[in-house]
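The next block is final01.txt, given as compact mmCIF, C-alpha atoms.
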```txt
# COMPACT_ATOMS: atom_id res chain seq x y z
CA MET A 1 83.03 120.43 90.83
CA ILE A 2 86.32 122.05 91.84
CA ARG A 3 89.19 120.96 89.59
CA LEU A 4 92.58 121.25 91.31
CA ALA A 5 95.90 120.26 89.74
CA VAL A 6 99.04 119.78 91.83
CA ILE A 7 102.01 120.52 89.59
CA SER A 8 105.71 121.42 89.72
CA GLY A 9 108.12 123.17 87.42
CA LYS A 10 110.67 120.40 87.92
CA GLY A 11 110.77 116.82 89.10
CA GLY A 12 111.55 115.72 92.63
CA THR A 13 109.80 118.51 94.52
CA GLY A 14 107.39 116.19 96.36
CA LYS A 15 104.33 116.90 94.22
CA THR A 16 102.92 113.37 94.40
CA MET A 17 103.50 113.22 98.16
CA VAL A 18 101.46 116.41 98.59
CA THR A 19 98.72 115.17 96.24
CA ALA A 20 98.31 111.92 98.15
CA ALA A 21 98.11 113.79 101.46
CA LEU A 22 95.52 116.22 100.08
CA SER A 23 93.40 113.31 98.89
CA ARG A 24 93.01 112.32 102.55
CA LEU A 25 92.56 115.82 103.96
CA LEU A 26 90.26 117.65 101.54
CA LYS A 27 86.60 117.08 102.36
CA GLY A 28 83.84 115.89 100.07
CA SER A 29 83.67 113.25 97.36
CA LEU A 30 86.57 113.24 94.94
CA VAL A 31 88.03 111.56 91.90
CA LEU A 32 91.79 111.32 91.45
CA ALA A 33 93.80 111.44 88.24
CA ASP A 34 97.50 110.84 87.76
CA CYS A 35 98.42 112.92 84.72
CA ASP A 36 102.14 112.24 85.00
CA VAL A 37 101.65 109.52 82.40
CA ASP A 38 105.37 109.22 81.56
CA ALA A 39 106.12 108.14 85.15
CA ALA A 40 102.85 107.65 87.01
CA ASN A 41 103.45 106.86 90.68
CA LEU A 42 100.42 108.14 92.60
CA GLU A 43 99.29 104.51 92.66
CA LEU A 44 102.27 103.67 94.85
CA VAL A 45 100.75 105.54 97.80
CA GLU A 46 97.04 105.11 97.02
CA ASP A 47 97.02 101.29 96.83
CA PRO A 48 94.40 101.13 94.06
CA ARG A 49 92.35 98.10 93.05
CA ILE A 50 92.12 98.08 89.27
CA LEU A 51 88.56 97.90 87.95
CA SER A 52 89.25 98.18 84.22
CA ILE A 53 92.06 98.73 81.72
CA GLU A 54 91.45 100.31 78.33
CA PRO A 55 93.98 100.60 75.49
CA PHE A 56 94.97 104.09 74.41
CA MET A 57 95.41 104.58 70.69
CA GLY A 58 97.77 107.42 69.87
CA MET A 59 98.59 108.94 66.50
CA LYS A 60 98.58 106.61 63.52
CA SER A 61 101.74 104.87 62.40
CA ALA A 62 102.77 103.75 58.93
CA VAL A 63 102.51 100.05 58.07
CA ILE A 64 103.91 98.36 54.94
CA ASP A 65 101.87 95.57 53.34
CA PRO A 66 104.51 93.01 52.22
CA SER A 67 102.15 91.58 49.62
CA LEU A 68 102.05 94.96 47.82
CA CYS A 69 105.60 96.16 48.46
CA VAL A 70 107.84 95.93 45.37
CA GLY A 71 111.04 96.69 47.30
CA CYS A 72 111.85 99.91 45.47
CA GLY A 73 113.09 101.72 48.59
CA VAL A 74 111.40 105.04 47.76
CA CYS A 75 109.82 105.19 51.23
CA GLU A 76 113.20 104.65 52.87
CA ALA A 77 114.75 107.44 50.81
CA HIS A 78 112.04 109.95 51.77
CA CYS A 79 111.67 109.11 55.48
CA ARG A 80 113.45 111.82 57.48
CA PHE A 81 113.12 109.91 60.75
CA GLY A 82 114.81 106.65 59.78
CA ALA A 83 111.63 104.70 60.47
CA VAL A 84 111.81 102.59 57.31
CA GLU A 85 114.13 99.63 57.80
CA ARG A 86 115.29 97.03 55.29
CA ASP A 87 114.57 93.45 56.30
CA MET A 88 116.34 91.19 53.81
CA ASP A 89 114.69 92.08 50.48
CA ALA A 90 111.62 93.69 52.08
CA PHE A 91 110.96 96.84 54.07
CA ARG A 92 109.21 97.40 57.36
CA ILE A 93 108.33 100.36 59.63
CA ASN A 94 109.92 100.75 63.04
CA PRO A 95 106.96 102.09 65.09
CA LEU A 96 109.27 103.67 67.68
CA ARG A 97 110.79 105.89 65.00
CA CYS A 98 107.66 106.64 62.97
CA GLU A 99 106.36 110.18 63.58
CA GLY A 100 103.13 109.67 61.65
CA CYS A 101 103.92 112.24 58.94
CA ALA A 102 102.54 109.92 56.19
CA VAL A 103 105.14 110.97 53.60
CA CYS A 104 105.79 107.31 52.84
CA THR A 105 102.15 106.79 51.90
CA ALA A 106 102.35 109.67 49.43
CA VAL A 107 105.53 108.54 47.66
CA CYS A 108 104.94 104.77 47.53
CA PRO A 109 104.32 103.84 43.86
CA SER A 110 102.48 100.63 44.71
CA ALA A 111 100.25 101.97 47.52
CA ALA A 112 101.81 99.44 49.88
CA VAL A 113 102.02 101.84 52.82
CA SER A 114 99.01 102.84 54.93
CA MET A 115 98.47 104.66 58.20
CA GLN A 116 97.11 102.42 60.93
CA PRO A 117 96.10 103.11 64.56
CA ARG A 118 98.66 102.00 67.12
CA GLN A 119 98.42 101.47 70.84
CA THR A 120 100.77 103.78 72.71
CA GLY A 121 99.49 103.27 76.24
CA GLU A 122 96.71 102.12 78.49
CA ILE A 123 94.27 103.85 80.83
CA LYS A 124 93.47 102.28 84.19
CA TYR A 125 90.33 102.97 86.21
CA SER A 126 90.82 101.95 89.83
CA GLU A 127 89.21 102.12 93.24
CA THR A 128 90.95 103.56 96.32
CA THR A 129 89.84 104.15 99.88
CA ARG A 130 89.26 107.81 99.02
CA GLY A 131 87.60 107.56 95.62
CA HIS A 132 88.29 106.41 92.10
CA LEU A 133 91.71 106.90 90.53
CA VAL A 134 92.31 107.23 86.81
CA HIS A 135 95.93 106.55 85.89
CA ALA A 136 97.78 105.53 82.78
CA ARG A 137 100.88 103.91 81.39
CA LEU A 138 102.64 105.25 78.34
CA ILE A 139 104.47 102.57 76.37
CA PRO A 140 108.23 103.25 76.64
CA GLY A 141 109.39 105.22 73.64
CA ALA A 142 105.91 106.29 72.63
CA GLY A 143 105.09 109.97 72.19
CA ASN A 144 101.94 112.07 72.40
CA SER A 145 101.73 111.95 76.20
CA GLY A 146 99.71 115.19 76.06
CA LEU A 147 96.94 113.29 74.26
CA LEU A 148 97.06 110.55 76.90
CA VAL A 149 96.76 113.17 79.66
CA HIS A 150 93.65 114.54 77.96
CA ALA A 151 92.21 111.01 77.74
CA VAL A 152 92.88 110.42 81.47
CA LYS A 153 91.06 113.62 82.41
CA LYS A 154 88.19 112.83 80.05
CA THR A 155 87.76 109.37 81.58
CA ALA A 156 87.69 110.81 85.10
CA MET A 157 85.05 113.39 84.18
CA GLU A 158 82.89 110.85 82.35
CA GLN A 159 83.02 108.33 85.18
CA ASP A 160 82.91 110.62 88.23
CA GLY A 161 81.81 114.04 87.00
CA SER A 162 79.38 114.44 89.91
CA CYS A 163 82.09 114.46 92.59
CA ASP A 164 82.83 117.58 94.63
CA LEU A 165 86.53 117.62 93.76
CA PHE A 166 88.69 116.54 90.85
CA LEU A 167 92.23 116.23 92.24
CA ILE A 168 95.00 115.86 89.67
CA ASP A 169 98.60 114.82 90.20
CA GLY A 170 100.21 116.65 87.30
CA PRO A 171 103.47 116.14 85.43
CA PRO A 172 106.65 118.12 86.07
CA GLY A 173 107.93 120.69 83.60
CA THR A 174 106.17 123.02 81.18
CA GLY A 175 105.63 120.84 78.10
CA CYS A 176 102.56 119.40 76.41
CA PRO A 177 101.57 117.10 79.32
CA LEU A 178 101.52 120.09 81.69
CA ILE A 179 99.51 122.21 79.26
CA SER A 180 96.99 119.39 78.81
CA THR A 181 96.79 119.00 82.60
CA VAL A 182 96.08 122.63 83.52
CA SER A 183 93.65 123.23 80.67
CA GLY A 184 90.18 123.58 82.15
CA VAL A 185 91.14 123.46 85.85
CA ASN A 186 89.95 125.98 88.45
CA ALA A 187 93.18 126.10 90.42
CA VAL A 188 96.75 124.86 90.47
CA LEU A 189 99.00 124.22 93.45
CA VAL A 190 102.66 124.55 92.42
CA VAL A 191 104.97 122.56 94.69
CA THR A 192 108.49 123.95 94.58
CA GLU A 193 111.72 123.63 96.55
CA PRO A 194 114.31 126.09 97.86
CA SER A 195 116.90 125.77 95.12
CA ILE A 196 118.04 127.90 92.21
CA SER A 197 116.43 125.53 89.71
CA GLY A 198 113.31 125.35 91.89
CA LEU A 199 112.79 129.11 91.75
CA HIS A 200 113.68 129.30 88.05
CA ASP A 201 111.25 126.54 87.08
CA LEU A 202 108.56 127.94 89.40
CA LYS A 203 108.62 131.15 87.38
CA ARG A 204 108.41 129.22 84.11
CA VAL A 205 105.48 127.03 85.13
CA VAL A 206 103.55 129.98 86.57
CA ALA A 207 104.02 131.84 83.26
CA VAL A 208 102.50 128.88 81.42
CA CYS A 209 99.62 128.47 83.87
CA ARG A 210 98.65 132.12 83.62
CA GLN A 211 97.73 131.60 79.97
CA PHE A 212 94.85 129.39 81.20
CA ARG A 213 93.77 131.73 84.03
CA PRO A 214 93.36 129.29 86.95
CA ARG A 215 93.89 130.41 90.53
CA ILE A 216 97.54 129.79 91.38
CA PHE A 217 98.87 128.76 94.79
CA VAL A 218 102.41 127.87 95.82
CA ALA A 219 103.82 125.55 98.48
CA ILE A 220 107.51 125.20 99.35
CA ASN A 221 108.57 121.68 100.22
CA ARG A 222 111.67 121.15 102.40
CA PHE A 223 111.78 124.91 102.89
CA ASP A 224 114.19 124.68 105.81
CA LEU A 225 117.01 123.19 103.71
CA ASP A 226 117.85 126.66 102.39
CA MET A 227 116.11 129.43 104.28
CA ALA A 228 117.62 132.14 102.09
CA LEU A 229 116.23 130.70 98.86
CA ALA A 230 112.93 129.92 100.54
CA GLY A 231 112.81 133.61 101.45
CA GLU A 232 113.48 134.56 97.82
CA ILE A 233 110.58 132.38 96.70
CA GLU A 234 108.33 133.94 99.33
CA VAL A 235 109.28 137.46 98.19
CA TRP A 236 108.69 136.55 94.55
CA CYS A 237 105.24 135.10 95.33
CA ARG A 238 104.34 138.27 97.22
CA THR A 239 105.52 140.43 94.31
CA GLU A 240 103.50 138.35 91.84
CA ASN A 241 100.44 138.35 94.12
CA ILE A 242 100.46 134.56 94.37
CA PRO A 243 99.32 133.08 97.71
CA LEU A 244 101.99 131.02 99.46
CA VAL A 245 99.75 128.46 101.13
CA GLY A 246 102.30 126.19 102.74
CA LYS A 247 105.88 125.71 103.90
CA ILE A 248 106.66 122.05 104.50
CA PRO A 249 109.81 121.22 106.48
CA PHE A 250 112.24 118.44 105.65
CA ASP A 251 111.03 115.38 107.53
CA PRO A 252 112.39 111.79 107.54
CA ALA A 253 108.80 110.66 108.15
CA VAL A 254 108.05 111.49 104.51
CA ILE A 255 110.71 109.03 103.34
CA ALA A 256 109.39 106.38 105.71
CA SER A 257 105.80 106.87 104.53
CA VAL A 258 106.78 106.61 100.86
CA ARG A 259 108.63 103.38 101.59
CA ALA A 260 105.52 102.10 103.39
CA GLY A 261 103.31 103.12 100.45
CA VAL A 262 101.03 105.45 102.41
CA PRO A 263 100.53 109.24 102.51
CA VAL A 264 102.62 110.94 105.18
CA THR A 265 99.43 112.19 106.85
CA ASP A 266 98.35 108.56 107.38
CA ALA A 267 101.61 107.28 108.80
CA ARG A 268 102.19 109.31 111.95
CA VAL A 269 102.16 112.75 113.49
CA SER A 270 105.16 114.56 112.07
CA PRO A 271 106.24 118.12 111.21
CA ALA A 272 105.58 117.54 107.49
CA ALA A 273 102.14 116.04 108.15
CA GLN A 274 101.17 118.97 110.38
CA ALA A 275 102.35 121.47 107.76
CA ILE A 276 100.32 119.76 105.04
CA GLN A 277 97.26 119.71 107.28
CA ILE A 278 97.54 123.49 107.66
CA LEU A 279 98.09 123.82 103.90
CA ALA A 280 95.01 121.71 103.14
CA ALA A 281 92.78 123.71 105.50
CA TYR A 282 93.89 127.02 103.98
CA LEU A 283 93.55 125.70 100.43
CA GLU A 284 90.09 124.27 101.08
CA GLN A 285 88.90 127.57 102.52
CA GLU A 286 90.24 129.53 99.54
CA LEU A 287 88.72 127.15 96.98
CA LYS A 288 85.30 127.14 98.65
CA GLN A 289 85.18 130.92 98.93
CA HIS A 290 85.99 131.28 95.25
CA ASP A 291 83.51 128.54 94.28
CA ASN A 292 80.69 130.33 96.13
CA LYS A 293 81.26 133.65 94.34
```
Can you turn what I pasted into structure tokens?
Amino acid sequence: MIRLAVISGKGGTGKTMVTAALSRLLKGSLVLADCDVDAANLELVEDPRILSIEPFMGMKSAVIDPSLCVGCGVCEAHCRFGAVERDMDAFRINPLRCEGCAVCTAVCPSAAVSMQPRQTGEIKYSETTRGHLVHARLIPGAGNSGLLVHAVKKTAMEQDGSCDLFLIDGPPGTGCPLISTVSGVNAVLVVTEPSISGLHDLKRVVAVCRQFRPRIFVAINRFDLDMALAGEIEVWCRTENIPLVGKIPFDPAVIASVRAGVPVTDARVSPAAQAIQILAAYLEQELKQHDNK
């Protein structure tokens, strides 16, 4: 199985649009995963039919047993995150503030505080016209999205590990969700844009990816909005020996396809669709050659 993650150093580069198009263009059986669990939106253009939903249990959270609590307030005094709140004469834990450090369990004189599992999200397993999609929802305010990304990938591999391709729509940025996404993949496609922040964040995300040693490819979306900066990105990729596999022009058809909830390659013949078709053909050739070595 070839494991390919489509990522970006910053949000808004068109990463999900490219992922959805590649799901239609790359040959062979595939399983899709949306690892942007903080704002998953691949489902908006894949029209999935949900087959199952499983709760995701994140790190444990403190819970106060009111029958054992003596109201001394020691836990409140020692909590550095303000998670212990007074409710009349009793105390309770605000789960959105609790960081799971368990200090309150250590200082409570009556053993009224315990660490309990808490649901911080849910994992969805769905069917699309192109294969199964594993996507998730992180409960607003909950942390540990890197753990949820790992769970999404694990579910995809357990359910569809025999597919030819594992195509991942990754999160933006360089934090824990991105690290969890690129861990164990064969290749990453970084979608960037011709802007100062686009080039800056491209360099940052490539530096992170190199720690995991996947093959790295770059595509510039809306390259014709600033030809000078697009040229700078192209020169940088050449200097870093990173293949620039695609240059996608600005195209109103992309906006129309997103509004219609379909990949741009499904909607109509357009400059962006043609550019992505060329990108997909080049990428598929590169991945197969490397896989056969």
I'd like the contact shell of A:Gly71 - 8 Å cut-off, all atoms listed in the file, skipping same-chain residues fewer than 5 positions apart - returned as a PyMOL selection string. chain A and resi 89-91
Write out as a count of residues only the residues lying within 6 Å of stretch 122-135 of chain A, counting all atoms listed in the file and excluding same-chain residues fewer than 2 positions away. 15
Can you work out which one of A:Pro177, A:Met17, A:Cys35, A:Met88 has the shortest atom-to-atom distance to A:Ala273, counting all atoms listed in the file? A:Met17
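The spacing separating atom CA of A:Leu22 from atom CA of A:Asp160 amounts to 18.2 Å.
Between atom CA of A:Val84 and atom CA of A:Leu148 lies a distance of 25.8 Å.
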